[in-house]
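The structure file input-v2.csv is reproduced below (CSV, C-alpha atoms).
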```csv
chain,number,residue,atom,x,y,z
E,1,MET,CA,27.0,-13.1,1.5
E,2,ILE,CA,25.8,-12.7,5.1
E,3,TRP,CA,28.6,-12.2,7.7
E,4,ILE,CA,27.6,-13.7,11.0
E,5,ASP,CA,31.0,-13.4,12.7
E,6,GLY,CA,30.3,-10.1,14.4
E,7,ARG,CA,32.4,-7.9,12.1
E,8,PRO,CA,31.3,-4.2,12.0
E,9,HIS,CA,29.8,-2.6,8.9
E,10,PRO,CA,32.3,-0.5,6.8
E,11,SER,CA,32.5,3.2,7.3
E,12,GLU,CA,29.9,5.4,5.5
E,13,TYR,CA,32.6,6.4,3.0
E,14,SER,CA,33.2,2.8,1.8
E,15,GLU,CA,32.3,1.7,-1.6
E,16,HIS,CA,28.6,0.9,-2.3
E,17,THR,CA,27.9,-2.2,-4.3
E,18,TRP,CA,24.7,-3.8,-5.7
E,19,ASP,CA,24.9,-6.5,-3.0
E,20,GLY,CA,25.7,-4.1,-0.2
E,21,PHE,CA,27.2,-5.3,3.0
E,22,SER,CA,25.1,-7.8,5.1
E,23,SER,CA,25.7,-8.8,8.6
E,24,GLY,CA,23.5,-11.3,10.5
E,25,VAL,CA,22.8,-12.3,14.1
E,26,TRP,CA,20.6,-15.0,15.6
E,27,GLU,CA,17.9,-13.4,17.9
E,28,ASP,CA,15.1,-15.4,19.5
E,29,GLY,CA,15.4,-18.3,17.0
E,30,GLN,CA,15.3,-16.1,13.9
E,31,LEU,CA,18.1,-14.8,11.6
E,32,VAL,CA,18.2,-11.0,11.5
E,33,VAL,CA,20.1,-9.6,8.6
E,34,THR,CA,21.0,-5.9,8.2
E,35,THR,CA,22.3,-4.7,4.8
E,36,THR,CA,23.9,-1.3,4.2
E,37,HIS,CA,26.2,0.2,1.5
E,38,MET,CA,23.8,-0.6,-1.4
E,39,LYS,CA,23.9,1.4,-4.6
E,40,GLN,CA,21.1,3.8,-5.5
E,41,GLY,CA,18.2,1.9,-7.2
E,42,VAL,CA,14.5,1.4,-7.0
E,43,VAL,CA,12.2,-0.7,-4.8
E,44,GLN,CA,10.7,-3.3,-7.2
E,45,ARG,CA,7.4,-3.5,-5.3
E,46,ASN,CA,6.3,0.1,-5.9
E,47,GLY,CA,9.0,1.6,-8.2
E,48,SER,CA,10.1,4.3,-5.7
E,49,ALA,CA,13.7,5.4,-5.8
E,50,THR,CA,16.2,4.4,-3.1
E,51,SER,CA,19.3,6.3,-2.0
E,52,PRO,CA,22.7,4.9,-1.0
E,53,TYR,CA,21.6,5.7,2.7
E,54,GLY,CA,18.9,3.0,2.7
E,55,VAL,CA,19.1,0.1,5.1
E,56,LEU,CA,17.5,-3.2,4.5
E,57,THR,CA,16.5,-5.3,7.5
E,58,GLU,CA,15.4,-9.0,7.0
E,59,HIS,CA,14.0,-11.4,9.5
E,60,PHE,CA,13.9,-15.2,8.6
E,61,PHE,CA,12.1,-17.5,11.0
E,62,ARG,CA,10.7,-21.0,10.7
E,63,HIS,CA,7.5,-22.3,12.2
E,64,GLY,CA,6.9,-26.0,11.5
E,65,GLU,CA,7.1,-26.7,7.8
E,66,PHE,CA,6.8,-23.0,6.9
E,67,MET,CA,9.5,-20.3,6.7
E,68,THR,CA,8.6,-16.7,6.8
E,69,SER,CA,10.7,-13.7,5.8
E,70,PHE,CA,10.0,-10.1,6.8
E,71,PHE,CA,11.8,-7.4,4.9
E,72,SER,CA,11.9,-3.7,5.9
E,73,VAL,CA,13.6,-1.0,3.8
E,74,ASN,CA,14.3,2.3,5.7
E,75,ASP,CA,15.4,5.1,3.4
E,76,PRO,CA,15.6,8.6,5.0
E,77,ILE,CA,15.8,10.3,1.6
E,78,TYR,CA,12.9,8.8,-0.4
E,79,LEU,CA,10.6,7.0,2.0
E,80,GLU,CA,8.5,8.7,4.7
E,81,GLU,CA,8.1,5.4,6.5
E,82,PRO,CA,9.7,1.9,6.2
E,83,MET,CA,8.6,-0.2,3.2
E,84,VAL,CA,7.6,-3.6,4.6
E,85,ARG,CA,7.1,-6.9,2.8
E,86,THR,CA,6.6,-10.5,3.9
E,87,GLN,CA,6.9,-13.8,2.2
E,88,THR,CA,6.1,-17.4,3.3
E,89,TRP,CA,7.4,-20.6,1.9
E,90,LYS,CA,6.3,-24.2,2.6
E,91,TRP,CA,8.9,-26.9,2.8
E,92,GLU,CA,8.2,-29.8,0.4
E,93,GLN,CA,10.1,-32.8,1.9
E,94,ASN,CA,9.9,-35.0,-1.2
E,95,GLY,CA,10.1,-32.2,-3.7
E,96,PHE,CA,12.7,-32.1,-6.3
E,97,THR,CA,13.8,-28.8,-7.7
E,98,GLU,CA,16.1,-28.9,-10.7
E,99,LEU,CA,18.8,-26.2,-10.5
E,100,GLN,CA,18.3,-23.7,-13.3
E,101,GLN,CA,21.0,-21.2,-14.3
E,102,PRO,CA,22.0,-19.6,-11.0
E,103,PHE,CA,22.0,-15.8,-10.8
E,104,GLU,CA,25.3,-14.3,-10.0
E,105,SER,CA,25.5,-10.6,-9.2
E,106,VAL,CA,28.6,-8.7,-10.6
E,107,ASP,CA,30.0,-5.4,-9.4
E,108,GLU,CA,30.5,-3.1,-12.4
E,109,LEU,CA,33.4,-1.0,-11.5
E,110,GLY,CA,35.1,1.4,-13.9
E,111,ASP,CA,38.8,1.2,-14.3
```
Go ahead and render the structure in this file as structure tokens.
Amino acid sequence: MIWIDGRPHPSEYSEHTWDGFSSGVWEDGQLVVTTTHMKQGVVQRNGSATSPYGVLTEHFFRHGEFMTSFFSVNDPIYLEEPMVRTQTWKWEQNGFTELQQPFESVDELGD
């Protein structure tokens, strides 16, 4: 879920979840999403660890029938510099994609 209503991120002592807390703003025709409060894990691209202090910044912008996403992970504990990744998708106007089993993330909290 991306909150685009201007709400602030929770305090640094708030609970960290697998999804984290994402807020978005529109800047120069692109959606900029900042995610904090993620649990400790690994970066799937290179297998390096991430700390709960990592911040994920995403930029989504469209140019014609293409959409590009720019991802940047900044982790002051495990990464010396931000890890950057981009992806580009092409819009298929007449394409039909059958919905498979959707993924649903679940917070595993102990009682």
Residues within 8 Å of E:Thr34, all atoms listed in the file, excluding chain neighbours under 6 positions, as a ChimeraX atom specification: /E:22-24,55-58
For E:Ile4, the nearest of the candidates E:His37, E:Glu65, E:Trp26, E:His16, counting all atoms listed in the file: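 The shortest atom-to-atom distance to E:Ile4 comes from E:Trp26.
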Atom CA of E:Gly64 to atom CA of E:Arg85, distance in Å rounded to a single decimal: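 Pair atom CA of E:Gly64 / atom CA of E:Arg85 returns 21.0 Å.
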Computed interatomic separation between atom CA of E:Val84 and atom CA of E:Gly29 (Å):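 Separating atom CA of E:Val84 from atom CA of E:Gly29 is a distance of 20.8 Å.
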Near E:Tyr78, counting all atoms listed in the file, which residues have an atom at most 7 Å away, once you skip same-chain residues fewer than 3 positions from it, shown as an mmCIF file with C-alpha atoms, in the coordinates of the input?
```cif
data_model
loop_
_atom_site.group_PDB
_atom_site.id
_atom_site.type_symbol
_atom_site.label_atom_id
_atom_site.label_comp_id
_atom_site.auth_asym_id
_atom_site.auth_seq_id
_atom_site.Cartn_x
_atom_site.Cartn_y
_atom_site.Cartn_z
ATOM 1 C CA ALA E 49 13.700 5.400 -5.800
ATOM 2 C CA THR E 50 16.200 4.400 -3.100
ATOM 3 C CA ASP E 75 15.400 5.100 3.400
#
```
Separation of atom CA of E:His59 from atom CA of E:Gly6, in Å and rounded to one decimal: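 It comes out at 17.1 Å.
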Nearest candidate to E:Phe21 (options E:Pro82, E:Pro8, E:Gly95, E:Gly47; using all atoms listed in the file):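 Closest to E:Phe21 of all the choices is E:Pro8.
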Counting only C-alpha atoms, the residue of E:Met1, E:Val25, E:Leu31, E:Met38 that sits nearest E:Met67: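 Ranked by minimum distance to E:Met67, first place goes to E:Leu31.
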Residue with smallest distance to E:Glu12 - pool E:Gly54, E:Val73, E:Thr88, E:Val33, counting all atoms listed in the file: E:Gly54
Distance criterion (all atoms listed in the file): nearest to E:Leu79 out of E:Gly20, E:Gly41, E:Ser48, E:Gln30: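 Ranked by minimum distance to E:Leu79, first place goes to E:Ser48.
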Neighbours of point (7.4, -20.5, 6.4) within 9 Å, using only C-alpha atoms, written as a list in words: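 The residues near that point, listed by chain and number, are Phe60, Phe61, Arg62, His63, Gly64, Glu65, Phe66, Met67, Thr68, Ser69, Gln87, Thr88, Trp89, Lys90 and Trp91 of chain E.
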Rebuild stretch 48-59 of chain E so that it carries all heavy atoms, then output the result as a PDB file, keeping the file's coordinate frame.
```pdb
ATOM      1  N   SER E  48       9.500   3.089  -6.283  1.00  0.00           N
ATOM      2  CA  SER E  48      10.100   4.300  -5.700  1.00  0.00           C
ATOM      3  C   SER E  48      11.604   4.198  -5.715  1.00  0.00           C
ATOM      4  O   SER E  48      12.167   3.118  -5.620  1.00  0.00           O
ATOM      5  CB  SER E  48       9.549   4.578  -4.318  1.00  0.00           C
ATOM      6  OG  SER E  48      10.042   3.614  -3.430  1.00  0.00           O
ATOM      7  N   ALA E  49      12.237   5.327  -5.794  1.00  0.00           N
ATOM      8  CA  ALA E  49      13.700   5.400  -5.800  1.00  0.00           C
ATOM      9  C   ALA E  49      14.238   5.070  -4.400  1.00  0.00           C
ATOM     10  O   ALA E  49      13.538   5.232  -3.398  1.00  0.00           O
ATOM     11  CB  ALA E  49      14.175   6.727  -6.254  1.00  0.00           C
ATOM     12  N   THR E  50      15.477   4.626  -4.349  1.00  0.00           N
ATOM     13  CA  THR E  50      16.200   4.400  -3.100  1.00  0.00           C
ATOM     14  C   THR E  50      17.517   5.148  -3.156  1.00  0.00           C
ATOM     15  O   THR E  50      18.107   5.260  -4.228  1.00  0.00           O
ATOM     16  CB  THR E  50      16.410   2.954  -2.748  1.00  0.00           C
ATOM     17  OG1 THR E  50      17.195   2.368  -3.780  1.00  0.00           O
ATOM     18  CG2 THR E  50      15.106   2.216  -2.590  1.00  0.00           C
ATOM     19  N   SER E  51      17.978   5.611  -2.034  1.00  0.00           N
ATOM     20  CA  SER E  51      19.300   6.300  -2.000  1.00  0.00           C
ATOM     21  C   SER E  51      20.333   5.369  -1.441  1.00  0.00           C
ATOM     22  O   SER E  51      20.025   4.292  -0.930  1.00  0.00           O
ATOM     23  CB  SER E  51      19.138   7.530  -1.054  1.00  0.00           C
ATOM     24  OG  SER E  51      19.068   7.124   0.294  1.00  0.00           O
ATOM     25  N   PRO E  52      21.590   5.769  -1.529  1.00  0.00           N
ATOM     26  CA  PRO E  52      22.700   4.900  -1.000  1.00  0.00           C
ATOM     27  C   PRO E  52      22.609   4.880   0.577  1.00  0.00           C
ATOM     28  O   PRO E  52      23.357   4.150   1.188  1.00  0.00           O
ATOM     29  CB  PRO E  52      23.947   5.629  -1.409  1.00  0.00           C
ATOM     30  CG  PRO E  52      23.564   6.562  -2.486  1.00  0.00           C
ATOM     31  CD  PRO E  52      22.126   6.884  -2.292  1.00  0.00           C
ATOM     32  N   TYR E  53      21.714   5.667   1.191  1.00  0.00           N
ATOM     33  CA  TYR E  53      21.600   5.700   2.700  1.00  0.00           C
ATOM     34  C   TYR E  53      20.536   4.716   3.165  1.00  0.00           C
ATOM     35  O   TYR E  53      20.284   4.651   4.356  1.00  0.00           O
ATOM     36  CB  TYR E  53      21.266   7.106   3.129  1.00  0.00           C
ATOM     37  CG  TYR E  53      22.278   8.107   2.657  1.00  0.00           C
ATOM     38  CD1 TYR E  53      21.973   8.983   1.631  1.00  0.00           C
ATOM     39  CD2 TYR E  53      23.551   8.147   3.209  1.00  0.00           C
ATOM     40  CE1 TYR E  53      22.901   9.894   1.170  1.00  0.00           C
ATOM     41  CE2 TYR E  53      24.493   9.051   2.748  1.00  0.00           C
ATOM     42  CZ  TYR E  53      24.161   9.927   1.736  1.00  0.00           C
ATOM     43  OH  TYR E  53      25.089  10.811   1.269  1.00  0.00           O
ATOM     44  N   GLY E  54      19.916   3.970   2.264  1.00  0.00           N
ATOM     45  CA  GLY E  54      18.900   3.000   2.700  1.00  0.00           C
ATOM     46  C   GLY E  54      19.470   1.843   3.438  1.00  0.00           C
ATOM     47  O   GLY E  54      20.614   1.433   3.230  1.00  0.00           O
ATOM     48  N   VAL E  55      18.666   1.304   4.344  1.00  0.00           N
ATOM     49  CA  VAL E  55      19.100   0.100   5.100  1.00  0.00           C
ATOM     50  C   VAL E  55      17.968  -0.910   4.998  1.00  0.00           C
ATOM     51  O   VAL E  55      16.791  -0.628   5.188  1.00  0.00           O
ATOM     52  CB  VAL E  55      19.228   0.522   6.637  1.00  0.00           C
ATOM     53  CG1 VAL E  55      19.529  -0.712   7.471  1.00  0.00           C
ATOM     54  CG2 VAL E  55      20.315   1.563   6.809  1.00  0.00           C
ATOM     55  N   LEU E  56      18.380  -2.111   4.640  1.00  0.00           N
ATOM     56  CA  LEU E  56      17.500  -3.200   4.500  1.00  0.00           C
ATOM     57  C   LEU E  56      17.633  -4.137   5.716  1.00  0.00           C
ATOM     58  O   LEU E  56      18.750  -4.535   6.054  1.00  0.00           O
ATOM     59  CB  LEU E  56      17.793  -4.025   3.226  1.00  0.00           C
ATOM     60  CG  LEU E  56      17.108  -5.365   3.031  1.00  0.00           C
ATOM     61  CD1 LEU E  56      15.608  -5.182   2.859  1.00  0.00           C
ATOM     62  CD2 LEU E  56      17.692  -6.094   1.834  1.00  0.00           C
ATOM     63  N   THR E  57      16.520  -4.436   6.382  1.00  0.00           N
ATOM     64  CA  THR E  57      16.500  -5.300   7.500  1.00  0.00           C
ATOM     65  C   THR E  57      15.644  -6.535   7.183  1.00  0.00           C
ATOM     66  O   THR E  57      14.505  -6.344   6.757  1.00  0.00           O
ATOM     67  CB  THR E  57      16.019  -4.650   8.797  1.00  0.00           C
ATOM     68  OG1 THR E  57      16.794  -3.477   9.028  1.00  0.00           O
ATOM     69  CG2 THR E  57      16.135  -5.567   9.991  1.00  0.00           C
ATOM     70  N   GLU E  58      16.181  -7.733   7.346  1.00  0.00           N
ATOM     71  CA  GLU E  58      15.400  -9.000   7.000  1.00  0.00           C
ATOM     72  C   GLU E  58      15.379  -9.851   8.255  1.00  0.00           C
ATOM     73  O   GLU E  58      16.362  -9.977   8.976  1.00  0.00           O
ATOM     74  CB  GLU E  58      16.147  -9.720   5.903  1.00  0.00           C
ATOM     75  CG  GLU E  58      16.342  -8.912   4.636  1.00  0.00           C
ATOM     76  CD  GLU E  58      17.302  -9.581   3.688  1.00  0.00           C
ATOM     77  OE1 GLU E  58      18.521  -9.481   3.931  1.00  0.00           O
ATOM     78  OE2 GLU E  58      16.835 -10.220   2.735  1.00  0.00           O
ATOM     79  N   HIS E  59      14.220 -10.464   8.468  1.00  0.00           N
ATOM     80  CA  HIS E  59      14.000 -11.400   9.500  1.00  0.00           C
ATOM     81  C   HIS E  59      13.571 -12.736   8.891  1.00  0.00           C
ATOM     82  O   HIS E  59      12.582 -12.746   8.153  1.00  0.00           O
ATOM     83  CB  HIS E  59      12.953 -10.968  10.529  1.00  0.00           C
ATOM     84  CG  HIS E  59      13.312  -9.719  11.259  1.00  0.00           C
ATOM     85  ND1 HIS E  59      13.757  -9.729  12.552  1.00  0.00           N
ATOM     86  CD2 HIS E  59      13.302  -8.423  10.879  1.00  0.00           C
ATOM     87  CE1 HIS E  59      13.997  -8.497  12.944  1.00  0.00           C
ATOM     88  NE2 HIS E  59      13.717  -7.679  11.933  1.00  0.00           N
TER      89      HIS E  59
END
```
